[in-house]
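One file, run_15.cif, carrying mmCIF, C-alpha atoms and all ligand atoms:
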data_my_file
loop_
_atom_site.label_atom_id
_atom_site.label_comp_id
_atom_site.auth_asym_id
_atom_site.auth_seq_id
_atom_site.Cartn_x
_atom_site.Cartn_y
_atom_site.Cartn_z
CA MET A 186 243.21 111.87 132.11
CA THR A 187 244.32 111.30 135.69
CA THR A 188 242.93 108.28 137.49
CA LEU A 189 242.03 108.41 141.16
CA THR A 190 244.98 106.15 141.99
CA ASP A 191 247.32 108.52 140.13
CA ALA A 192 245.85 111.47 141.96
CA LYS A 193 246.26 109.81 145.34
CA ALA A 194 249.83 108.77 144.58
CA MET A 195 250.54 112.34 143.47
CA ALA A 196 248.97 113.76 146.63
CA LYS A 197 251.30 111.64 148.71
CA ALA A 198 254.29 112.69 146.65
CA MET A 199 253.79 116.43 146.84
CA SER A 200 252.07 119.33 148.43
CA LEU A 201 250.83 122.26 146.39
CA ILE A 202 249.72 125.80 147.24
CA ASP A 203 246.96 127.48 145.25
CA THR A 204 248.14 131.09 145.55
CA HIS A 205 244.97 132.55 144.03
CA CYS A 206 241.49 131.13 144.43
CA HIS A 207 238.21 133.00 144.90
CA LEU A 208 236.72 130.39 147.18
CA ASP A 209 234.58 133.13 148.76
CA PHE A 210 232.58 133.64 145.53
CA THR A 211 228.96 132.54 145.59
CA ASP A 212 229.82 129.97 142.86
CA PHE A 213 231.01 127.76 145.73
CA ASP A 214 228.10 128.34 148.12
CA MET A 215 226.47 124.98 147.38
CA ASP A 216 229.53 122.76 147.81
CA ARG A 217 232.45 124.76 149.26
CA ASN A 218 233.44 122.10 151.78
CA GLU A 219 233.30 119.33 149.18
CA VAL A 220 235.60 121.39 146.95
CA ILE A 221 238.05 121.82 149.84
CA ASP A 222 237.83 118.09 150.60
CA SER A 223 238.68 117.28 146.99
CA CYS A 224 241.82 119.42 147.35
CA SER A 225 243.24 117.39 150.19
CA ASN A 226 242.86 114.25 148.04
CA VAL A 227 245.16 115.66 145.34
CA GLY A 228 247.83 117.31 147.49
CA VAL A 229 246.54 120.89 147.41
CA ASN A 230 246.91 121.62 151.11
CA THR A 231 247.02 125.42 151.16
CA ILE A 232 244.70 127.90 149.44
CA VAL A 233 245.10 131.68 149.40
CA VAL A 234 241.80 133.52 148.95
CA PRO A 235 242.17 137.15 147.83
CA ALA A 236 239.07 139.25 148.42
CA THR A 237 237.94 141.70 145.75
CA GLN A 238 235.67 144.34 147.24
CA GLN A 239 234.56 145.76 150.56
CA SER A 240 231.14 144.08 150.50
CA THR A 241 232.74 140.61 150.60
CA TRP A 242 235.60 141.18 153.06
CA GLN A 243 233.78 139.88 156.11
CA ARG A 244 232.58 136.76 154.30
CA THR A 245 236.13 136.10 153.12
CA LEU A 246 237.56 136.64 156.61
CA ASP A 247 235.03 134.16 158.00
CA LEU A 248 235.95 131.48 155.46
CA PRO A 249 238.80 129.78 157.34
CA PHE A 250 236.50 129.44 160.35
CA SER A 251 233.27 128.45 158.60
CA ALA A 252 234.88 125.73 156.45
CA LYS A 253 235.78 123.34 159.23
CA THR A 254 233.31 120.53 159.22
CA SER A 255 235.24 117.46 158.13
CA ASP A 256 238.72 116.07 158.79
CA SER A 257 240.01 116.72 155.30
CA VAL A 258 238.73 120.29 155.29
CA GLN A 259 240.87 120.79 158.37
CA GLN A 260 243.88 119.44 156.49
CA VAL A 261 243.66 122.26 153.96
CA ALA A 262 244.90 125.60 155.27
CA LEU A 263 242.97 128.65 154.04
CA TYR A 264 244.56 132.08 154.11
CA VAL A 265 242.87 135.36 153.34
CA ALA A 266 244.14 138.48 151.57
CA LEU A 267 242.12 141.69 151.60
CA GLY A 268 241.92 144.30 148.86
CA LEU A 269 239.94 146.28 146.32
CA HIS A 270 240.16 144.69 142.85
CA PRO A 271 240.42 147.07 139.84
CA VAL A 272 237.62 145.29 137.95
CA PHE A 273 235.23 146.36 140.72
CA ASN A 274 236.54 149.93 140.47
CA ASP A 275 233.08 151.52 140.44
CA ALA A 276 232.14 149.96 143.79
CA HIS A 277 235.16 151.29 145.68
CA GLN A 278 234.79 154.32 147.95
CA PRO A 279 237.38 156.30 149.91
CA GLN A 280 236.11 155.01 153.27
CA HIS A 281 236.84 151.44 152.09
CA LEU A 282 240.54 152.30 152.24
CA LEU A 283 240.21 153.33 155.89
CA GLU A 284 238.27 150.16 156.61
CA LEU A 285 240.88 148.07 154.80
CA GLU A 286 243.64 149.42 157.00
CA GLN A 287 241.55 148.76 160.10
CA LEU A 288 240.91 145.15 159.05
CA VAL A 289 244.59 144.67 158.24
CA ILE A 290 245.42 145.76 161.79
CA GLU A 291 242.68 143.61 163.38
CA HIS A 292 242.95 140.43 161.29
CA SER A 293 246.53 140.32 159.94
CA PRO A 294 245.64 139.00 156.46
CA ILE A 295 248.38 137.15 154.59
CA ALA A 296 248.65 139.93 151.97
CA VAL A 297 246.98 143.00 150.54
CA GLY A 298 245.11 141.86 147.45
CA GLU A 299 243.65 141.51 145.03
CA ILE A 300 244.72 144.97 143.92
CA GLY A 301 246.10 146.34 140.67
CA LEU A 302 245.23 147.80 137.30
CA ASP A 303 242.97 146.57 134.52
CA PHE A 304 243.22 148.70 131.37
CA HIS A 305 241.82 146.03 129.08
CA THR A 306 240.64 147.90 125.99
CA SER A 307 237.21 146.27 125.77
CA MET A 308 236.36 147.99 129.04
CA ASN A 309 236.48 151.39 127.29
CA LEU A 310 237.81 153.12 130.34
CA SER A 311 237.66 156.89 130.69
CA SER A 312 240.74 158.67 131.93
CA ALA A 313 238.89 159.38 135.21
CA GLN A 314 238.32 155.63 135.67
CA LYS A 315 241.98 154.92 134.97
CA ASP A 316 242.99 157.62 137.44
CA LYS A 317 240.73 156.06 140.07
CA GLN A 318 242.32 152.64 139.49
CA LEU A 319 245.80 154.13 139.79
CA ALA A 320 244.86 156.00 142.99
CA TYR A 321 243.32 152.94 144.68
CA PHE A 322 246.26 150.78 143.66
CA GLU A 323 248.77 153.23 145.12
CA LYS A 324 246.79 153.84 148.30
CA GLN A 325 246.46 150.11 148.95
CA PHE A 326 250.17 149.70 148.26
CA VAL A 327 250.79 152.31 150.99
CA ILE A 328 248.80 150.12 153.40
CA ALA A 329 250.86 147.04 152.41
CA ASN A 330 254.05 149.03 152.89
CA THR A 331 252.99 150.45 156.26
CA HIS A 332 252.06 147.01 157.59
CA GLN A 333 254.88 145.18 155.79
CA LEU A 334 252.67 142.81 153.83
CA PRO A 335 253.19 141.36 150.35
CA VAL A 336 250.70 142.29 147.60
CA ILE A 337 248.68 140.15 145.18
CA ILE A 338 248.43 142.06 141.92
CA HIS A 339 245.95 141.76 139.07
CA ASN A 340 247.19 143.42 135.89
CA ARG A 341 245.83 143.60 132.38
CA LYS A 342 247.27 145.91 129.73
CA ALA A 343 249.03 148.09 132.29
CA HIS A 344 252.31 146.36 133.17
CA ASP A 345 254.47 149.42 132.54
CA GLU A 346 252.31 151.60 134.82
CA CYS A 347 252.30 148.81 137.41
CA ILE A 348 256.09 148.36 137.32
CA LYS A 349 256.54 152.12 137.72
CA ILE A 350 254.38 152.15 140.87
CA ILE A 351 256.04 149.08 142.40
CA LYS A 352 259.46 150.57 141.63
CA SER A 353 258.60 153.80 143.45
CA PHE A 354 257.80 151.77 146.59
CA TYR A 355 260.83 149.52 146.10
CA ASP A 356 263.09 152.56 145.80
CA ASN A 357 261.69 153.71 149.15
CA GLY A 358 262.50 150.43 150.85
CA TYR A 359 259.53 148.12 150.17
CA ARG A 360 260.91 144.57 150.05
CA LYS A 361 257.87 142.38 150.80
CA GLY A 362 257.23 141.68 147.11
CA GLY A 363 254.22 139.61 146.14
CA ILE A 364 252.66 137.90 143.17
CA ILE A 365 251.72 139.13 139.70
CA HIS A 366 248.74 136.89 139.27
CA ALA A 367 247.93 135.26 135.89
CA PHE A 368 251.04 136.83 134.42
CA ASN A 369 250.80 137.34 130.69
CA GLY A 370 253.25 140.18 129.99
CA SER A 371 256.58 140.15 128.18
CA ILE A 372 259.78 138.46 129.30
CA GLN A 373 261.29 141.92 129.85
CA GLN A 374 258.37 142.87 132.11
CA ALA A 375 258.80 139.57 134.00
CA GLU A 376 262.44 140.45 134.57
CA HIS A 377 261.45 143.85 135.98
CA TYR A 378 258.97 142.26 138.39
CA ILE A 379 261.53 139.66 139.50
CA ALA A 380 264.12 142.39 140.13
CA LEU A 381 261.53 144.10 142.35
CA GLY A 382 261.09 140.93 144.41
CA PHE A 383 257.94 139.55 142.79
CA SER A 384 256.90 136.06 141.75
CA LEU A 385 254.77 135.35 138.69
CA GLY A 386 251.58 133.31 138.93
CA PHE A 387 250.55 130.78 136.27
CA GLY A 388 247.23 129.00 136.11
CA GLY A 389 244.82 127.01 133.98
CA MET A 390 245.52 128.84 130.71
CA LEU A 391 248.92 127.17 130.60
CA THR A 392 247.24 123.76 130.19
CA TYR A 393 245.92 124.69 126.72
CA PRO A 394 248.22 123.68 123.83
CA ARG A 395 247.51 127.01 122.08
CA SER A 396 248.96 129.02 124.98
CA SER A 397 252.30 129.47 123.20
CA LYS A 398 253.06 132.84 124.80
CA LEU A 399 252.59 131.45 128.32
CA GLN A 400 254.65 128.37 127.42
CA ALA A 401 257.52 130.62 126.30
CA LEU A 402 257.25 132.64 129.53
CA VAL A 403 257.34 129.52 131.71
CA LYS A 404 260.41 128.29 129.82
CA ALA A 405 262.18 131.64 130.27
CA ILE A 406 261.27 132.53 133.86
CA PRO A 407 263.44 130.91 136.56
CA ILE A 408 261.58 128.22 138.51
CA ASP A 409 262.34 130.10 141.73
CA ASN A 410 260.08 132.95 140.55
CA ILE A 411 257.04 130.89 139.55
CA VAL A 412 254.00 130.18 141.72
CA LEU A 413 250.90 128.15 140.89
CA GLU A 414 247.30 129.33 141.00
CA THR A 415 243.87 128.39 139.71
CA ASP A 416 241.94 131.69 139.91
CA ALA A 417 238.90 129.44 140.49
CA PRO A 418 236.01 129.69 139.72
CA ASP A 419 237.38 131.31 136.50
CA MET A 420 240.06 130.23 134.00
CA THR A 421 239.61 126.48 134.21
CA VAL A 422 242.15 123.91 133.02
CA MET A 423 241.75 122.27 129.62
CA ALA A 424 240.69 118.89 131.00
CA GLN A 425 237.69 120.56 132.68
CA ARG A 426 236.89 123.25 130.10
CA GLY A 427 233.34 124.51 130.19
CA GLN A 428 233.13 123.63 133.89
CA ARG A 429 233.57 125.76 136.97
CA ASN A 430 237.25 125.87 137.90
CA SER A 431 238.37 124.35 141.20
CA PRO A 432 241.49 124.58 143.39
CA ALA A 433 241.56 120.77 143.10
CA TYR A 434 242.66 121.18 139.46
CA LEU A 435 245.94 122.79 140.52
CA PRO A 436 247.93 119.55 139.84
CA ASP A 437 247.10 120.03 136.13
CA VAL A 438 248.84 123.41 136.26
CA ALA A 439 251.84 121.85 138.04
CA ARG A 440 252.03 119.19 135.31
CA ALA A 441 251.92 121.87 132.59
CA VAL A 442 254.75 123.81 134.23
CA ALA A 443 256.70 120.53 134.52
CA LEU A 444 256.16 119.85 130.82
CA TYR A 445 257.45 123.24 129.66
CA LYS A 446 260.28 123.32 132.18
CA SER A 447 261.25 119.73 131.28
CA LEU A 448 261.36 118.92 134.97
CA ASP A 449 259.68 116.32 137.11
CA VAL A 450 256.31 117.41 138.52
CA ALA A 451 257.50 116.65 142.07
CA GLU A 452 260.36 119.08 141.48
CA ILE A 453 257.90 121.74 140.28
CA ALA A 454 255.74 121.14 143.38
CA LYS A 455 258.74 121.48 145.68
CA HIS A 456 259.94 124.75 144.14
CA THR A 457 256.57 126.45 143.65
CA THR A 458 255.43 125.53 147.16
CA ARG A 459 258.63 126.91 148.63
CA ASN A 460 258.27 130.07 146.52
CA ALA A 461 254.71 130.63 147.74
CA GLN A 462 255.78 130.00 151.35
CA THR A 463 258.54 132.59 150.94
CA VAL A 464 256.18 135.21 149.41
CA PHE A 465 253.59 134.82 152.15
CA GLY A 466 255.95 134.08 155.05
CA LEU A 467 254.42 130.63 155.64
CA SER A 468 256.27 127.82 157.32
CA SER A 469 256.54 124.39 155.69
CA PRO A 470 253.53 122.13 156.34
ZN ZN B 1 241.51 136.96 141.09
#

Final structure tokens representation of the file:
Amino acid sequence: MTTLTDAKAMAKAMSLIDTHCHLDFTDFDMDRNEVIDSCSNVGVNTIVVPATQQSTWQRTLDLPFSAKTSDSVQQVALYVALGLHPVFNDAHQPQHLLELEQLVIEHSPIAVGEIGLDFHTSMNLSSAQKDKQLAYFEKQFVIANTHQLPVIIHNRKAHDECIKIIKSFYDNGYRKGGIIHAFNGSIQQAEHYIALGFSLGFGGMLTYPRSSKLQALVKAIPIDNIVLETDAPDMTVMAQRGQRNSPAYLPDVARAVALYKSLDVAEIAKHTTRNAQTVFGLSSP
């Protein structure tokens, strides 16, 4: 349990970047600015918000401008990524890809995302649905490549397909890399992603003692390839289980990485913040 004094001391000691937070979701409509305020109190001073489907792009783009009512809200930088998420596959239409490219040109988002593949078996996907996911992933990757943006990738049960697609772009000169969010693949797959210029995102699941696979991954993956995320409002940390997740819980993830890396949490903050700044081309705060 972290006391307020601990949290404030920690906030002074480090700055953290939440590389994946769905702050645009309606879950935050009632108290979005309070949530952002609570971030500045614990050292989370940058939040990346990846959009998930065409119907929410405008709302997500407006977020950095609408959330500016108090001093501490202004101390937290919000950045937007735009993309079509594979879980919302059925909602995506070909004209959304044209619109995405137009918005990329007009608004210069920080990345293309959240894009990717979700072949989770419980979804009982038909081969046509899988083909659609693959096509939208590749077409959005083309947009990222054309406009030289990194990508934020969601992947479940399809790492080999994903690596193959990234490799085909890499072999044709794509070097912007990106983040494999909520990484839960094998160490060999992690090595492939790293060789292709990607960082691996870890979040709230790592704070659960039963997460032995994630613990082993964090131990094995070099600290220079790890970034922190919350994926709020989903995937909350153990200390807040049953509650809505919040970007303000990111220090719990940093502490978990510190534990399994046997490094000081300030060291973890320094490295993961620098890694996220490198991925997204951000300057130091
Ligand atoms: Zn997400």

(request) Identify which of the residues A:Leu310, A:Val412, A:Ala329, A:Leu267 lies closest to Leu285 (chain A), counting all atoms listed in the file when measuring atom-to-atom distances. (result)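 When distances to Leu285 (chain A) are compared using all atoms listed in the file, the smallest one comes from A:Leu267.
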
Write out as CSV the residues of region 275-382 of chain A that have any atom within 9 Å of an atom of region 200-207 of chain A, one row each with the nearest atom pair and its distance in Å to one decimal, counting only C-alpha atoms, sorted by chain and then rising number.
residue,atom,partner,partner_atom,distance
A:Ile337,CA,A:His205,CA,8.5
A:Ile364,CA,A:Thr204,CA,8.5
A:His366,CA,A:His205,CA,7.5

Residues of region 264-307 of chain A within 7 Å of region 223-247 of chain A: nearest atom pair and distance (Å, one decimal) for each, counting all atoms listed in the file, sorted by chain and number, as a tab-separated table?
residue	atom	partner	partner_atom	distance
A:Tyr264	CA	A:Val233	CA	4.8
A:Val265	CA	A:Val234	CA	4.9
A:Ala266	CA	A:Pro235	CA	4.4
A:Leu267	CA	A:Ala236	CA	5.0
A:Gly268	CA	A:Thr237	CA	5.7
A:Leu269	CA	A:Gln238	CA	4.8
A:His270	CA	A:Thr237	CA	4.7
A:Phe273	CA	A:Gln238	CA	6.8
A:His281	CA	A:Gln239	CA	6.3
A:Gly298	CA	A:Pro235	CA	5.6
A:Glu299	CA	A:Pro235	CA	5.4

Written file, previous selection with C-alpha atoms, as a short mmCIF file (atom, residue, chain, number, x, y, z; two decimals), in the frame of the given file:
data_model
loop_
_atom_site.label_atom_id
_atom_site.label_comp_id
_atom_site.auth_asym_id
_atom_site.auth_seq_id
_atom_site.Cartn_x
_atom_site.Cartn_y
_atom_site.Cartn_z
CA TYR A 264 244.56 132.08 154.11
CA VAL A 265 242.87 135.36 153.34
CA ALA A 266 244.14 138.48 151.57
CA LEU A 267 242.12 141.69 151.60
CA GLY A 268 241.92 144.30 148.86
CA LEU A 269 239.94 146.28 146.32
CA HIS A 270 240.16 144.69 142.85
CA PHE A 273 235.23 146.36 140.72
CA HIS A 281 236.84 151.44 152.09
CA GLY A 298 245.11 141.86 147.45
CA GLU A 299 243.65 141.51 145.03
#

(request) Tell me which of A:Ile406, A:Ala441, A:Gly362, A:Thr211 sits closest to Tyr393 (chain A), counting only C-alpha atoms. (result)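 Checking each candidate against Tyr393 (chain A), we get A:Ala441 as the closest.
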
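Here CA of Lys324 (chain A) is placed at a distance of 10.1 Å from CA of Ile300 (chain A).
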
(message) Between CA of Gln425 (chain A) and CA of Arg395 (chain A), what distance in Å does the model show, to one decimal?
(response)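 Value for the CA of Gln425 (chain A)-CA of Arg395 (chain A) distance: 15.8 Å.
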
(request) Find, counting all atoms listed in the file, the residue in A:Gln462, A:Ser255, A:Asn369, A:Asn340 that gets nearest to ligand ZN 1 (chain B). (result)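 Result for the nearest residue to ligand ZN 1 (chain B): A:Asn340.
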
Put the listed atoms of region 277-291 of chain A in a box along x, y and z with 5 Å added on every side and give me the centre and edge lengths in Å to one decimal, as lines of an AutoDock Vina configuration file.
center_x = 240.1
center_y = 150.0
center_z = 154.5
size_x = 20.6
size_y = 22.7
size_z = 27.7

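Distances here use all atoms listed in the file; by that measure, the residue among A:His305, A:Lys352, A:His344, A:Lys361 closest to Thr331 (chain A) is A:Lys361.
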
(request) Just the residues within 10 Å of Ile379 (chain A), please, counting only C-alpha atoms, with nothing from its chain fewer than 6 positions along; format it as a list of chain:residue names. (result)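 My reading of the contact set: A:Gly362, A:Gly363, A:Ile364, A:Ile365, A:Gln373, A:Leu385, A:Ile406, A:Pro407, A:Asp409, A:Asn410, A:Ile411.
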
(message) So the first atom is CA of Leu381 (chain A) and the second is CA of Tyr359 (chain A); what is the distance between them in Å, to one decimal place?
(response)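 Separation of CA of Leu381 (chain A) and CA of Tyr359 (chain A): 9.0 Å.
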
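Distance annotation: of A:Glu346, A:Met423, A:Leu448, A:Gly358, the residue with the minimal separation from Val327 (chain A) is A:Gly358; atom set is only C-alpha atoms.
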
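Shortest separation to Asp416 (chain A) among A:Ala320, A:Ala367, A:Ala461, A:Leu402 occurs at residue A:Ala367, atoms counted being only C-alpha atoms.
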
(request) With a distance cut-off of 9 Å and all atoms listed in the file, select the neighbouring residues of Glu323 (chain A), excluding the residue or stretch itself and same-chain residues fewer than 3 positions from it, and output the selection as a VMD selection string. (result) chain A and resid 301 318 to 320 326 to 328 350 to 351
